[in-house]
Amino acid sequence: MTDWRATAALQRALLLAGLGLVVAIASRQPMLVVLVAPLALLGVHGLLHRPRHEPTVRTEVGHQVLHEGQGTTSTLLLEHAEDVEQVTRAASLPAYVALRPTRGALCGLVSEPETVRMVLSPRRWGRVNLGEEQVALTTPWGGFRWGPVATIGRPLSVLPSYAAYDSRAEAPQPEGLVGGYRSRRPGTGTEFSGIRPFAPGDRLRRISWRVSLRRQELHVVEARAETDTGVLLVVDALTDAGRSGGVDGRASSLDLTVRAAAALAEHHTRRGDRVALRVVGGTGRALGYSTGTRHLRRLLGALAEIRPGPLPRLPRHGLDLGAAPGTEVVILSPLLQPAMVNTAASLARRGLPVMVIDTLPVGPLAVEAFAPVDPSDRSADALRHEAMRVAWRMRRLERDMLAEQLAHAGCPVVRWQGPGTLDEVLRRLARRAALPRAVRR
Amino acid sequence: MTALWTALMPDWSRAQWWLRMMIVLGTMTALVATGPAGQWPSPVLVGVVAFFAVGGAVAPESAALVVAFVVVLAWWVLGPTDPEHPAVMLAAAGLLLAQVAAMLAASGPGWSVSSRGLLRRWLLRSGVVYLPVPVVYALVLAVRDVPEPPYVWVVAVAAVGVALLAAGALYPNPTR
């Protein structure tokens with residue numbers, strides 16, 4: 001609970017005006033009245049506009065869910081504000097939220113729209129609390145002030161923006177019921193598979209009359225079934241390498257991971273595939289197989305809630321992701337944890353089509369953080385910096401070797417490049433899936 | 001050196017820098033306006049007023065600005081040989097400028113920006129409250145040589161007393 005209080009300006013104006021008038025009378029210096037006349041008028045106006053109502057304030061954020069880079073407004077709602085002329089707002093500044101005005105603090109008239117509506121734009125996926133601010137109200141002529149009072153914010157989900165992604169490649173082992181991929185088994189699709197003699201149970205509209213006349217025996221056209229596929233997206237949230245600059249800045253490894261996962265989820269749900277999500281590390285969230293717009297929203301929401309962090313128990317030999325046979329497994333990882341590499345290798349050994357998308361940022365991570373130092377500089381800082389630079393280089397080499405070994409083990413590793421990233425890999429996996437192969441179960 | 005300068009500089013928005021500069025400028029203008037009226041302030045006095053004016057600019061709600069204003073008013077009583085010089089109107093403008101700038105600067109945190117509408121409204125208001133200054137000045141000049149009736153000072157004191165009582169009745173916590 002707060003009250004209207006006289007401002008320092010009103011107190012100063014009244015004090016100086018009174019003092020000036022008294023001294024003018026006492027010292028017979030009427031010119032002092034000239035000096036303090038404006039202050040006296042300011043004080044009198046301030047007093048005349050004394051407030052009579054107790055206002056209430058709250059803020060309302062325009063949206064509950066946003067994609068990173070999109071904007072919304074935080075509207076100040078005032079009640080019993082008949083006495084209010086001026087509003088002062090100072091918003092809290094959450095990380096990765098752009099505000100207008102830039103620093104989130106403004107003084108303006110209550111009648112001005114830009115004072116009442118503050119523009120906000122989250123610049124990175126995640127959960128943010130918007131609408132938290134300090135609000136003060138002032139009467140006309142700046143005589144009395146109410147507040148500042150703190151308003152309660154509202155948590156907002158900022159979904160990752162999915163970069164344009166499209167793939168024309170077939171799924172390697174589609175084993176669903178209905179969908180857009182050509183299956184290896186015959187069915188009722190439109191893709192020509194072959195011609196064979198008529199058998200009881202064949203549909204009459206499948207009869208090829210031209211071939212039947214030539215062969216003097218009924219023949220039917222055989223087609224391949226069209227099925228969907230199951231896609232398991234495995235997101236490595238064990239570490240976040242690099243520094244994020246938001247949606248229009250530099251991307252950290254987790255930024256790349258989450259945005260790529262969002263793009264893949266959107267692409268596959270649009271095609272009617274069943275998509276599941278498994279977050280390794282941090283929140284450790286898992287979502288089962290499903291499809292459709294509602295499931296896509298759930299997937300994006302789960303991605304938005306990812307926080308980097310270790311698992312309480314991380315087996316070195318790999319994780320059990322519960323991937324069913326025929327599932328297309330996409331692992332998005334900067335490959336800095338051996339457990340993720342081992343997981344990919346063990347899934348590939350089981351005969352599952354596994355792809356690893358390398359999400360370690362290129363360039364800036366190593367160049368900026370661990371740039372070479374002057375060799376003549378022998379200070380402790382310089383030596384520590386040099387040691388870190390060498391350590392990071394060794395870590396990178398180790399990681400690159402692991403990625404190479406993964407590729408040799410039949411698990412392709414590709415860098416995320418947006419549309420068509422996985423096309424070539426998927427085609428190779430589809431060709432490989434058509435060949436007979438012995439796998440360890 | 002640049003880092004030290006950056007560390008020492010207050011984190012104010014451009015609007016707040018301007019407002020706080022206006023506080024110092026207005027106060028110093030009111031002080032040095034006694035120069036044309038016959039007595040320039042001594043460097044020590046300028047330093048003292050500048051000190052309190054800068055203090056008022058840094059903390060516009062503090063008593064530093066009141067001290068600066070009181071010193072300026074005292075100097076106008078004690079200093080000038082010709083207190084009825086038109087420069088007194090310049091001094092009144094300076095005090096008004098400092099007062100309004102301090103009020104606007106104190107209405108938000110140092111990094112806040114003030115809307116154009118607000119600044120325009122206060123520019124207009126400043127003009128309005130400044131209008132009586134030339135009128136009062138002309139009135140003072142007009143009655144300068146008129147012999148005052150013996151009761152005039154009693155009436156004046158009574159008027160000031162009534163004004164103070166009225167202010168006390170209205171001030172300071174009207175919602176209670």
# chains A, B, ... in the order shown; residues from 1 in each chain; ligands from 1
call {"tool": "closest_atom_pairs", "arguments": {"of": "chain A", "to": "chain B", "cutoff": "8 Å", "atoms": "only C-alpha atoms", "output": "Markdown table"}}
result
| residue | atom | partner | partner_atom | distance |
| --- | --- | --- | --- | --- |
| A:Asp3 | CA | B:Thr175 | CA | 7.1 |
| A:Trp4 | CA | B:Asn173 | CA | 6.6 |
| A:Arg5 | CA | B:Asn173 | CA | 6.1 |
| A:Ala6 | CA | B:Pro172 | CA | 5.7 |
| A:Ala8 | CA | B:Glu61 | CA | 5.3 |
| A:Ala9 | CA | B:Met103 | CA | 5.4 |
| A:Arg12 | CA | B:Val66 | CA | 6.4 |
| A:Ala13 | CA | B:Gln99 | CA | 7.8 |
| A:Leu16 | CA | B:Val70 | CA | 7.3 |
| A:Gly18 | CA | B:Leu164 | CA | 7.2 |
| A:Gly20 | CA | B:Leu73 | CA | 7.4 |
| A:Leu21 | CA | B:Val160 | CA | 7.1 |
| A:Val22 | CA | B:Val160 | CA | 7.2 |
| A:Ile25 | CA | B:Trp153 | CA | 6.8 |
| A:Ser27 | CA | B:Val77 | CA | 7.8 |
| A:Gln29 | CA | B:Val77 | CA | 7.0 |
| A:Pro30 | CA | B:Val140 | CA | 6.7 |
| A:Met31 | CA | B:Glu84 | CA | 6.3 |
| A:Leu32 | CA | B:Leu73 | CA | 7.4 |
| A:Val33 | CA | B:Val136 | CA | 7.8 |
| A:Val34 | CA | B:Val133 | CA | 5.6 |
| A:Leu35 | CA | B:Ala92 | CA | 4.5 |
| A:Val36 | CA | B:Ala92 | CA | 6.9 |
| A:Ala37 | CA | B:Val133 | CA | 6.6 |
| A:Pro38 | CA | B:Val129 | CA | 5.2 |
| A:Leu39 | CA | B:Leu96 | CA | 6.6 |
| A:Leu41 | CA | B:Val129 | CA | 6.2 |
| A:Leu42 | CA | B:Val129 | CA | 7.0 |
| A:Leu47 | CA | B:Leu170 | CA | 6.5 |
| A:Arg50 | CA | B:Pro174 | CA | 6.7 |
| A:Pro51 | CA | B:Pro174 | CA | 6.7 |
| A:Arg52 | CA | B:Thr175 | CA | 5.9 |
| A:His53 | CA | B:Thr175 | CA | 7.1 |
| A:Glu54 | CA | B:Thr175 | CA | 7.4 |
| A:Gln86 | CA | B:Leu118 | CA | 7.8 |
| A:Thr88 | CA | B:Gly108 | CA | 6.0 |
| A:Arg89 | CA | B:Gly108 | CA | 7.7 |
| A:Ala90 | CA | B:Ser112 | CA | 7.4 |
| A:Pro101 | CA | B:Val113 | CA | 7.5 |
| A:Arg103 | CA | B:Trp111 | CA | 6.6 |
| A:Gly104 | CA | B:Ser112 | CA | 7.4 |
| A:Ala105 | CA | B:Ser112 | CA | 4.3 |
| A:Leu106 | CA | B:Val113 | CA | 4.7 |
| A:Cys107 | CA | B:Ser114 | CA | 4.7 |
| A:Gly108 | CA | B:Ser115 | CA | 4.9 |
| A:Leu109 | CA | B:Leu118 | CA | 5.7 |
| A:Glu112 | CA | B:Gly117 | CA | 7.6 |
| A:Thr115 | CA | B:Ser115 | CA | 7.8 |
| A:Gly142 | CA | B:Met103 | CA | 7.2 |
call {"tool": "residues_around", "arguments": {"residues": "stretch 45-57 of chain B", "least_positions_apart": "4", "cutoff": "6 Å", "atoms": "only C-alpha atoms", "output": "list in words"}}
result
Arg20, Ile23, Val24, Ala64, Leu65 and Ala68 of chain B
call {"tool": "residues_around", "arguments": {"residues": "B:Pro41", "least_positions_apart": "3", "cutoff": "10 Å", "atoms": "only C-alpha atoms", "output": "ChimeraX atom specification"}}
result
/B:31-35,38,44-47,72,75-76,79-80
call {"tool": "residues_around", "arguments": {"residues": "A:Ala95", "least_positions_apart": "5", "cutoff": "9 Å", "atoms": "only C-alpha atoms", "output": "list in words"}}
result
Pro122, Arg123, Arg124 and Val128 of chain A
call {"tool": "atom_distance", "arguments": {"atom1": "atom CA of A:Asp320", "atom2": "atom CA of A:Leu360"}}
result
23.5 Å
call {"tool": "atom_distance", "arguments": {"atom1": "atom CA of A:Gly147", "atom2": "atom CA of A:Val57"}}
result
10.1 Å
call {"tool": "decode", "arguments": {"residues": "stretch 195-324 of chain A", "atoms": "C-alpha atoms", "output": "PDB file, in the first residue's frame"}}
result
ATOM      1  CA  ILE A 195       3.069 -56.141 -62.726  1.00  0.00           C
ATOM      2  CA  ARG A 196       2.029 -59.623 -61.629  1.00  0.00           C
ATOM      3  CA  PRO A 197      -0.733 -62.142 -62.443  1.00  0.00           C
ATOM      4  CA  PHE A 198      -4.115 -61.538 -60.905  1.00  0.00           C
ATOM      5  CA  ALA A 199      -4.758 -63.231 -57.576  1.00  0.00           C
ATOM      6  CA  PRO A 200      -7.974 -63.596 -55.608  1.00  0.00           C
ATOM      7  CA  GLY A 201      -8.532 -60.498 -53.497  1.00  0.00           C
ATOM      8  CA  ASP A 202      -6.964 -58.059 -55.984  1.00  0.00           C
ATOM      9  CA  ARG A 203      -9.054 -55.033 -56.776  1.00  0.00           C
ATOM     10  CA  LEU A 204     -10.533 -54.877 -60.255  1.00  0.00           C
ATOM     11  CA  ARG A 205      -9.363 -51.338 -60.844  1.00  0.00           C
ATOM     12  CA  ARG A 206      -5.776 -52.586 -60.462  1.00  0.00           C
ATOM     13  CA  ILE A 207      -6.068 -54.799 -63.559  1.00  0.00           C
ATOM     14  CA  SER A 208      -3.808 -53.741 -66.407  1.00  0.00           C
ATOM     15  CA  TRP A 209      -5.956 -54.488 -69.451  1.00  0.00           C
ATOM     16  CA  ARG A 210      -3.209 -53.846 -71.958  1.00  0.00           C
ATOM     17  CA  VAL A 211      -0.850 -56.412 -70.383  1.00  0.00           C
ATOM     18  CA  SER A 212      -3.740 -58.838 -69.734  1.00  0.00           C
ATOM     19  CA  LEU A 213      -4.736 -58.797 -73.452  1.00  0.00           C
ATOM     20  CA  ARG A 214      -1.154 -59.302 -74.568  1.00  0.00           C
ATOM     21  CA  ARG A 215      -0.534 -62.190 -72.136  1.00  0.00           C
ATOM     22  CA  GLN A 216      -4.051 -63.689 -72.455  1.00  0.00           C
ATOM     23  CA  GLU A 217      -4.214 -63.752 -68.658  1.00  0.00           C
ATOM     24  CA  LEU A 218      -5.334 -61.215 -66.107  1.00  0.00           C
ATOM     25  CA  HIS A 219      -2.480 -59.091 -64.700  1.00  0.00           C
ATOM     26  CA  VAL A 220      -2.590 -56.354 -62.078  1.00  0.00           C
ATOM     27  CA  VAL A 221      -0.404 -53.322 -61.496  1.00  0.00           C
ATOM     28  CA  GLU A 222       1.352 -53.475 -58.163  1.00  0.00           C
ATOM     29  CA  ALA A 223       2.123 -50.311 -56.183  1.00  0.00           C
ATOM     30  CA  ARG A 224       4.187 -49.580 -53.097  1.00  0.00           C
ATOM     31  CA  ALA A 225       2.551 -48.632 -49.875  1.00  0.00           C
ATOM     32  CA  GLU A 226       2.862 -45.069 -48.683  1.00  0.00           C
ATOM     33  CA  THR A 227       3.664 -44.814 -45.009  1.00  0.00           C
ATOM     34  CA  ASP A 228       4.840 -42.359 -42.462  1.00  0.00           C
ATOM     35  CA  THR A 229       7.861 -42.756 -40.276  1.00  0.00           C
ATOM     36  CA  GLY A 230       8.793 -42.220 -36.680  1.00  0.00           C
ATOM     37  CA  VAL A 231      11.395 -39.550 -35.994  1.00  0.00           C
ATOM     38  CA  LEU A 232      13.158 -39.329 -32.658  1.00  0.00           C
ATOM     39  CA  LEU A 233      14.845 -35.993 -32.029  1.00  0.00           C
ATOM     40  CA  VAL A 234      17.548 -36.256 -29.397  1.00  0.00           C
ATOM     41  CA  VAL A 235      18.662 -32.877 -28.069  1.00  0.00           C
ATOM     42  CA  ASP A 236      21.965 -32.621 -26.236  1.00  0.00           C
ATOM     43  CA  ALA A 237      21.462 -30.066 -23.455  1.00  0.00           C
ATOM     44  CA  LEU A 238      24.431 -31.211 -21.395  1.00  0.00           C
ATOM     45  CA  THR A 239      26.496 -28.159 -22.306  1.00  0.00           C
ATOM     46  CA  ASP A 240      26.020 -24.806 -24.001  1.00  0.00           C
ATOM     47  CA  ALA A 241      29.226 -23.898 -25.798  1.00  0.00           C
ATOM     48  CA  GLY A 242      29.688 -20.349 -27.015  1.00  0.00           C
ATOM     49  CA  ARG A 243      27.854 -17.164 -26.256  1.00  0.00           C
ATOM     50  CA  SER A 244      24.375 -16.448 -27.535  1.00  0.00           C
ATOM     51  CA  GLY A 245      23.653 -13.129 -29.195  1.00  0.00           C
ATOM     52  CA  GLY A 246      19.940 -13.726 -29.556  1.00  0.00           C
ATOM     53  CA  VAL A 247      17.947 -14.388 -32.691  1.00  0.00           C
ATOM     54  CA  ASP A 248      19.857 -11.893 -34.827  1.00  0.00           C
ATOM     55  CA  GLY A 249      23.271 -12.342 -33.243  1.00  0.00           C
ATOM     56  CA  ARG A 250      25.767 -15.104 -32.697  1.00  0.00           C
ATOM     57  CA  ALA A 251      24.398 -18.534 -31.886  1.00  0.00           C
ATOM     58  CA  SER A 252      25.652 -20.753 -29.085  1.00  0.00           C
ATOM     59  CA  SER A 253      25.677 -24.525 -29.503  1.00  0.00           C
ATOM     60  CA  LEU A 254      22.366 -24.821 -27.650  1.00  0.00           C
ATOM     61  CA  ASP A 255      20.851 -22.103 -29.854  1.00  0.00           C
ATOM     62  CA  LEU A 256      21.813 -24.063 -32.959  1.00  0.00           C
ATOM     63  CA  THR A 257      20.580 -27.290 -31.387  1.00  0.00           C
ATOM     64  CA  VAL A 258      17.200 -25.955 -30.330  1.00  0.00           C
ATOM     65  CA  ARG A 259      16.527 -24.055 -33.557  1.00  0.00           C
ATOM     66  CA  ALA A 260      17.531 -27.035 -35.697  1.00  0.00           C
ATOM     67  CA  ALA A 261      15.334 -29.337 -33.591  1.00  0.00           C
ATOM     68  CA  ALA A 262      12.433 -26.905 -33.998  1.00  0.00           C
ATOM     69  CA  ALA A 263      12.924 -26.808 -37.768  1.00  0.00           C
ATOM     70  CA  LEU A 264      13.065 -30.610 -37.993  1.00  0.00           C
ATOM     71  CA  ALA A 265      10.006 -30.988 -35.765  1.00  0.00           C
ATOM     72  CA  GLU A 266       8.052 -28.541 -37.893  1.00  0.00           C
ATOM     73  CA  HIS A 267       9.118 -30.244 -41.129  1.00  0.00           C
ATOM     74  CA  HIS A 268       8.265 -33.762 -40.026  1.00  0.00           C
ATOM     75  CA  THR A 269       4.954 -32.936 -38.349  1.00  0.00           C
ATOM     76  CA  ARG A 270       3.964 -31.040 -41.501  1.00  0.00           C
ATOM     77  CA  ARG A 271       4.672 -34.220 -43.508  1.00  0.00           C
ATOM     78  CA  GLY A 272       2.530 -36.275 -41.144  1.00  0.00           C
ATOM     79  CA  ASP A 273       5.387 -38.137 -39.446  1.00  0.00           C
ATOM     80  CA  ARG A 274       5.275 -39.162 -35.830  1.00  0.00           C
ATOM     81  CA  VAL A 275       7.849 -37.111 -33.958  1.00  0.00           C
ATOM     82  CA  ALA A 276       9.223 -37.735 -30.477  1.00  0.00           C
ATOM     83  CA  LEU A 277      11.635 -35.647 -28.462  1.00  0.00           C
ATOM     84  CA  ARG A 278      14.198 -36.616 -25.877  1.00  0.00           C
ATOM     85  CA  VAL A 279      16.176 -33.900 -24.090  1.00  0.00           C
ATOM     86  CA  VAL A 280      19.418 -35.204 -22.623  1.00  0.00           C
ATOM     87  CA  GLY A 281      20.579 -33.063 -19.701  1.00  0.00           C
ATOM     88  CA  GLY A 282      19.069 -29.980 -18.115  1.00  0.00           C
ATOM     89  CA  THR A 283      15.324 -30.389 -17.790  1.00  0.00           C
ATOM     90  CA  GLY A 284      15.552 -33.903 -19.231  1.00  0.00           C
ATOM     91  CA  ARG A 285      12.130 -33.700 -20.850  1.00  0.00           C
ATOM     92  CA  ALA A 286      10.771 -36.478 -23.059  1.00  0.00           C
ATOM     93  CA  LEU A 287       7.756 -36.349 -25.383  1.00  0.00           C
ATOM     94  CA  GLY A 288       6.281 -39.437 -27.025  1.00  0.00           C
ATOM     95  CA  TYR A 289       5.478 -40.046 -30.695  1.00  0.00           C
ATOM     96  CA  SER A 290       2.626 -38.075 -32.160  1.00  0.00           C
ATOM     97  CA  THR A 291       1.862 -35.785 -35.021  1.00  0.00           C
ATOM     98  CA  GLY A 292      -0.216 -32.725 -35.852  1.00  0.00           C
ATOM     99  CA  THR A 293      -0.159 -29.040 -35.028  1.00  0.00           C
ATOM    100  CA  ARG A 294      -0.960 -29.512 -31.367  1.00  0.00           C
ATOM    101  CA  HIS A 295       1.966 -31.906 -30.972  1.00  0.00           C
ATOM    102  CA  LEU A 296       4.229 -29.439 -32.775  1.00  0.00           C
ATOM    103  CA  ARG A 297       3.239 -26.792 -30.234  1.00  0.00           C
ATOM    104  CA  ARG A 298       4.059 -29.216 -27.425  1.00  0.00           C
ATOM    105  CA  LEU A 299       7.430 -29.952 -28.998  1.00  0.00           C
ATOM    106  CA  LEU A 300       8.275 -26.275 -29.386  1.00  0.00           C
ATOM    107  CA  GLY A 301       7.164 -25.604 -25.809  1.00  0.00           C
ATOM    108  CA  ALA A 302       9.416 -28.385 -24.545  1.00  0.00           C
ATOM    109  CA  LEU A 303      12.325 -26.989 -26.566  1.00  0.00           C
ATOM    110  CA  ALA A 304      11.682 -23.524 -25.123  1.00  0.00           C
ATOM    111  CA  GLU A 305      12.021 -24.873 -21.603  1.00  0.00           C
ATOM    112  CA  ILE A 306      15.429 -26.420 -22.139  1.00  0.00           C
ATOM    113  CA  ARG A 307      18.130 -25.321 -19.711  1.00  0.00           C
ATOM    114  CA  PRO A 308      21.655 -26.620 -20.091  1.00  0.00           C
ATOM    115  CA  GLY A 309      22.822 -28.851 -17.278  1.00  0.00           C
ATOM    116  CA  PRO A 310      24.354 -32.231 -16.548  1.00  0.00           C
ATOM    117  CA  LEU A 311      22.416 -35.421 -15.938  1.00  0.00           C
ATOM    118  CA  PRO A 312      22.637 -36.798 -12.411  1.00  0.00           C
ATOM    119  CA  ARG A 313      23.971 -40.067 -13.795  1.00  0.00           C
ATOM    120  CA  LEU A 314      25.428 -40.173 -17.259  1.00  0.00           C
ATOM    121  CA  PRO A 315      26.505 -43.655 -18.381  1.00  0.00           C
ATOM    122  CA  ARG A 316      29.666 -43.516 -20.487  1.00  0.00           C
ATOM    123  CA  HIS A 317      28.556 -46.388 -22.723  1.00  0.00           C
ATOM    124  CA  GLY A 318      25.536 -44.448 -23.919  1.00  0.00           C
ATOM    125  CA  LEU A 319      21.928 -43.739 -23.064  1.00  0.00           C
ATOM    126  CA  ASP A 320      18.900 -45.912 -23.611  1.00  0.00           C
ATOM    127  CA  LEU A 321      16.623 -43.721 -25.694  1.00  0.00           C
ATOM    128  CA  GLY A 322      13.925 -46.331 -26.264  1.00  0.00           C
ATOM    129  CA  ALA A 323      14.010 -45.982 -30.049  1.00  0.00           C
ATOM    130  CA  ALA A 324      11.758 -48.515 -31.773  1.00  0.00           C
TER     131      ALA A 324
END
